[in-house]
There are 2 protein chains.
Amino acid sequence: MSKLRLKIAMSLDGFVAGPEQSVQNPLGIGGMRVHEWVFPLKAWRSEMGMQGGETNESSAVVEELNANLGATIMGRNMFGGHPGPWDAAKPWTGWWGANPPYHHPVFVLTHHPREPLVLEGGNTFTFVTDGIESALEQARRAAGGKDVSLAGGAKAAQQYLAAGLVDEMHVHLAPVLLGEGERLFEGVADLHGLTLVRTVATPKVTHLKFARP
Amino acid sequence: MSKLRLKIAMSLDGFVAGPEQSVQNPLGIGGMRVHEWVFPLKAWRSEMGMQGGETNESSAVVEELNANLGATIMGRNMFGGHPGPWDAAKPWTGWWGANPPYHHPVFVLTHHPREPLVLEGGNTFTFVTDGIESALEQARRAAGGKDVSLAGGAKAAQQYLAAGLVDEMHVHLAPVLLGEGERLFEGVADLHGLTLVRTVATPKVTHLKFARP
């Protein structure tokens, strides 16, 4: 069966975003520091449709994480837009512009029903209001045998982790402190058998891969 | 000048000890899981006066951390004993028995004055009531040019980190979740220039070494 693979970046003190998250600053104060390792990478830049970039020890990790994916699940905050019901007159279409970097079906966990959003490049956003298991079932069906990426944010990760539904967890540990913000493992005390199976160490980030042996 | 070197083990979700710490269970519920990587090591067993044990990627890290140390600083909880003033009639002498594994002067941060405790094997415990800077000054003087180890626990680590007095920080990151307990970086949001300079990865623990470049 296709795996559910969580990938998420976290600070040394356990935060995926800093305090005072908003539409203007979705990563919160200082939250960008958790992601700084990824921006110079050619593997990331090409995913985002940009030229150039460098290749280092993190490149193979990013490439592996992007390979064999047939669908993505994300929380409402990661899709973005103002909290509250969708504005039908001027609907938010995500952070990514006309052609997001997913190129496969994306399922957004939300409490607010909305018609699917079809963008360029195979990016179709489906809004799932009946819970994480329904989203996973829909994503697996859409993935056509490939794996499903759980792209975050923290609340979505926590729900799937707590339910024991994550098959692989990739934590990109940034060697920085945020001090406050949104914690990845808030309320999660059990990895449900997920075990550290590989570490890729670089000066800017430590890639920790967890799976069931 | 001799360096102040913090070494401490932490769970993936940032805890150095689990909940409900007590004299009977100083690491709290589940806290032992953060230290499981160290017990099989020959390098640790020989430090504790035990025979046998294994050698793996963590051995060199443990040996490096134990080398060139002239004094140790620890918090009151790490020295142990009941909270509150020392019982002069039956004073607590630490967890370690007659011959603790330090073999050099140890400075215990506490609010309760007490005469120094002289045990076998060069282990002298001095109780410092006038703050972390005084303890560091005394430890540096006692270390005779060697480095000073900051052995924990969390509160002692937090005070020295917040004051920018730590020259090297070794975090032994255990790939487990505790869910609750005592957080290493509670209230600490600034590493004062400490930067990740080396990672040693093993299946049971990730050794992260921070220093000033």
# chains A, B, ... in the order shown; residues from 1 in each chain; ligands from 1

call {"tool": "closest_atom_pairs", "arguments": {"of": "chain B", "to": "chain A", "cutoff": "7 Å", "atoms": "only C-alpha atoms", "output": "Markdown table"}}
result
| residue | atom | partner | partner_atom | distance |
| --- | --- | --- | --- | --- |
| B:Asp13 | CA | A:Gly14 | CA | 5.8 |
| B:Gly14 | CA | A:Asp13 | CA | 5.8 |
| B:Pro175 | CA | A:Leu196 | CA | 6.2 |
| B:Leu177 | CA | A:Ala189 | CA | 5.4 |
| B:Leu178 | CA | A:Ala189 | CA | 5.6 |
| B:Gly179 | CA | A:Ala189 | CA | 4.1 |
| B:Phe185 | CA | A:Asp13 | CA | 6.2 |
| B:Gly187 | CA | A:Gly179 | CA | 6.5 |
| B:Val188 | CA | A:Gly179 | CA | 5.9 |
| B:Ala189 | CA | A:Gly179 | CA | 4.1 |
| B:Asp190 | CA | A:Leu177 | CA | 6.4 |
| B:Leu196 | CA | A:Pro203 | CA | 6.1 |
| B:Val197 | CA | A:Pro203 | CA | 6.5 |
| B:Thr199 | CA | A:Ala201 | CA | 6.1 |
| B:Ala201 | CA | A:Thr199 | CA | 6.1 |
| B:Pro203 | CA | A:Leu196 | CA | 6.1 |

call {"tool": "residues_around", "arguments": {"residues": "segment 71-84 of chain B", "least_positions_apart": "3", "cutoff": "9 Å", "atoms": "only C-alpha atoms", "output": "PyMOL selection string"}}
result
chain B and resi 22-23+26+87+91-95+102-112+127+135-136+139-144+146-157

call {"tool": "closest_residue", "arguments": {"among": "B:Ser58, B:Gln24, B:Asn99, B:Gln158", "to": "Trp37 of chain B", "atoms": "only C-alpha atoms"}}
result
B:Ser58

call {"tool": "select_by_dssp", "arguments": {"residues": "segment 5-181 of chain B", "states": "strand (DSSP E)", "output": "count of residues only"}}
result
40

call {"tool": "closest_residue", "arguments": {"among": "B:Arg5, B:Lys90, B:Arg114, B:His35", "to": "Glu64 of chain B", "atoms": "only C-alpha atoms"}}
result
B:Arg5

call {"tool": "select_by_dssp", "arguments": {"residues": "chain B", "states": "helix (DSSP H, G or I)", "output": "ChimeraX atom specification"}}
result
/B:31-34,42-47,57-66,76-79,132-143,154-162

call {"tool": "write_last_selection", "arguments": {"atoms": "N, CA and C atoms", "output": "compact mmCIF listing (two decimals), in the first residue's frame"}}
result
# COMPACT_ATOMS: atom_id res chain seq x y z
N GLY B 31 12.06 9.05 31.34
CA GLY B 31 13.29 9.81 31.12
C GLY B 31 14.50 8.95 30.84
N MET B 32 14.49 7.73 31.35
CA MET B 32 15.61 6.82 31.11
C MET B 32 15.82 6.55 29.62
N ARG B 33 14.74 6.67 28.84
CA ARG B 33 14.85 6.37 27.40
C ARG B 33 15.79 7.34 26.67
N VAL B 34 15.98 8.51 27.26
CA VAL B 34 16.87 9.50 26.64
C VAL B 34 18.33 9.09 26.81
N LYS B 42 31.25 0.73 26.54
CA LYS B 42 32.43 0.46 27.36
C LYS B 42 32.96 1.78 27.93
N ALA B 43 32.95 2.84 27.13
CA ALA B 43 33.48 4.13 27.58
C ALA B 43 32.70 4.64 28.79
N TRP B 44 31.40 4.41 28.82
CA TRP B 44 30.59 4.85 29.95
C TRP B 44 30.75 3.90 31.12
N ARG B 45 30.74 2.59 30.84
CA ARG B 45 30.84 1.61 31.91
C ARG B 45 32.17 1.74 32.66
N SER B 46 33.23 1.99 31.92
CA SER B 46 34.52 2.09 32.60
C SER B 46 34.57 3.37 33.45
N GLU B 47 33.92 4.44 32.97
CA GLU B 47 33.82 5.67 33.77
C GLU B 47 33.09 5.38 35.08
N GLU B 57 29.98 4.00 17.39
CA GLU B 57 30.26 5.37 16.94
C GLU B 57 30.16 6.39 18.08
N SER B 58 29.42 6.05 19.13
CA SER B 58 29.28 6.99 20.24
C SER B 58 30.49 6.99 21.18
N SER B 59 31.31 5.95 21.09
CA SER B 59 32.40 5.80 22.06
C SER B 59 33.36 6.98 22.01
N ALA B 60 33.77 7.36 20.81
CA ALA B 60 34.74 8.45 20.69
C ALA B 60 34.15 9.77 21.21
N VAL B 61 32.85 9.94 21.02
CA VAL B 61 32.19 11.15 21.52
C VAL B 61 32.25 11.19 23.05
N VAL B 62 31.90 10.07 23.67
CA VAL B 62 31.92 10.00 25.13
C VAL B 62 33.34 10.20 25.65
N GLU B 63 34.30 9.58 24.99
CA GLU B 63 35.70 9.73 25.43
C GLU B 63 36.16 11.18 25.29
N GLU B 64 35.80 11.82 24.20
CA GLU B 64 36.17 13.22 24.00
C GLU B 64 35.56 14.09 25.10
N LEU B 65 34.32 13.79 25.44
CA LEU B 65 33.64 14.62 26.45
C LEU B 65 34.23 14.44 27.84
N ASN B 66 34.82 13.28 28.08
CA ASN B 66 35.41 13.03 29.39
C ASN B 66 36.87 13.46 29.48
N ARG B 76 21.46 21.44 41.57
CA ARG B 76 21.11 20.78 42.81
C ARG B 76 20.36 19.46 42.56
N ASN B 77 19.45 19.46 41.57
CA ASN B 77 18.68 18.25 41.32
C ASN B 77 19.55 17.12 40.80
N MET B 78 20.60 17.48 40.07
CA MET B 78 21.46 16.44 39.54
C MET B 78 22.32 15.83 40.65
N PHE B 79 22.69 16.66 41.64
CA PHE B 79 23.39 16.10 42.79
C PHE B 79 22.42 15.23 43.58
N ILE B 132 25.63 31.37 39.43
CA ILE B 132 26.32 30.60 38.38
C ILE B 132 27.69 31.18 38.03
N GLU B 133 27.83 32.50 38.09
CA GLU B 133 29.13 33.06 37.71
C GLU B 133 30.18 32.73 38.75
N SER B 134 29.78 32.76 40.02
CA SER B 134 30.69 32.37 41.09
C SER B 134 31.11 30.91 40.93
N ALA B 135 30.13 30.05 40.64
CA ALA B 135 30.44 28.62 40.46
C ALA B 135 31.41 28.42 39.31
N LEU B 136 31.19 29.16 38.22
CA LEU B 136 32.08 29.01 37.06
C LEU B 136 33.49 29.50 37.39
N GLU B 137 33.56 30.61 38.10
CA GLU B 137 34.87 31.14 38.48
C GLU B 137 35.64 30.14 39.37
N GLN B 138 34.93 29.60 40.35
CA GLN B 138 35.56 28.62 41.24
C GLN B 138 35.96 27.36 40.48
N ALA B 139 35.09 26.94 39.58
CA ALA B 139 35.39 25.71 38.82
C ALA B 139 36.58 25.92 37.90
N ARG B 140 36.63 27.09 37.27
CA ARG B 140 37.77 27.36 36.38
C ARG B 140 39.07 27.38 37.16
N ARG B 141 39.03 27.98 38.35
CA ARG B 141 40.24 28.04 39.17
C ARG B 141 40.66 26.62 39.57
N ALA B 142 39.67 25.81 39.94
CA ALA B 142 39.96 24.44 40.38
C ALA B 142 40.44 23.57 39.24
N ALA B 143 40.03 23.90 38.01
CA ALA B 143 40.32 23.03 36.87
C ALA B 143 41.78 23.10 36.43
N ALA B 154 18.62 20.51 33.48
CA ALA B 154 18.07 21.50 32.57
C ALA B 154 18.17 22.92 33.14
N LYS B 155 17.83 23.08 34.40
CA LYS B 155 17.80 24.44 34.93
C LYS B 155 19.19 25.06 34.97
N ALA B 156 20.20 24.27 35.34
CA ALA B 156 21.56 24.78 35.33
C ALA B 156 21.98 25.11 33.90
N ALA B 157 21.66 24.24 32.97
CA ALA B 157 21.99 24.48 31.56
C ALA B 157 21.34 25.76 31.07
N GLN B 158 20.07 25.94 31.40
CA GLN B 158 19.34 27.14 30.94
C GLN B 158 19.99 28.42 31.46
N GLN B 159 20.39 28.39 32.72
CA GLN B 159 20.99 29.60 33.29
C GLN B 159 22.30 29.96 32.58
N TYR B 160 23.15 28.96 32.38
CA TYR B 160 24.43 29.25 31.71
C TYR B 160 24.24 29.60 30.24
N LEU B 161 23.29 28.94 29.57
CA LEU B 161 23.02 29.27 28.16
C LEU B 161 22.49 30.70 28.04
N ALA B 162 21.54 31.03 28.90
CA ALA B 162 20.93 32.36 28.82
C ALA B 162 21.96 33.45 29.07

call {"tool": "closest_residue", "arguments": {"among": "A:Lys3, A:Gln21, A:His170, A:His192", "to": "His207 of chain A", "atoms": "only C-alpha atoms"}}
result
A:His170

call {"tool": "residues_around", "arguments": {"residues": "Glu54 of chain B", "least_positions_apart": "2", "cutoff": "7 Å", "atoms": "only C-alpha atoms", "output": "list in words"}}
result
Pro40, Leu41, Lys42, Gly52 and Asn56 of chain B

call {"tool": "atom_distance", "arguments": {"atom1": "atom CA of Ala211 of chain B", "atom2": "atom CA of Ala9 of chain A"}}
result
22.3 Å

call {"tool": "atom_distance", "arguments": {"atom1": "atom CA of Ala17 of chain A", "atom2": "atom CA of Val38 of chain A"}}
result
15.4 Å

call {"tool": "residues_around", "arguments": {"residues": "Trp96 of chain A", "least_positions_apart": "4", "cutoff": "9 Å", "atoms": "only C-alpha atoms", "output": "ChimeraX atom specification"}}
result
/A:48,100-101

call {"tool": "atom_distance", "arguments": {"atom1": "atom CA of Asp167 of chain B", "atom2": "atom CA of Ser2 of chain B"}}
result
9.2 Å
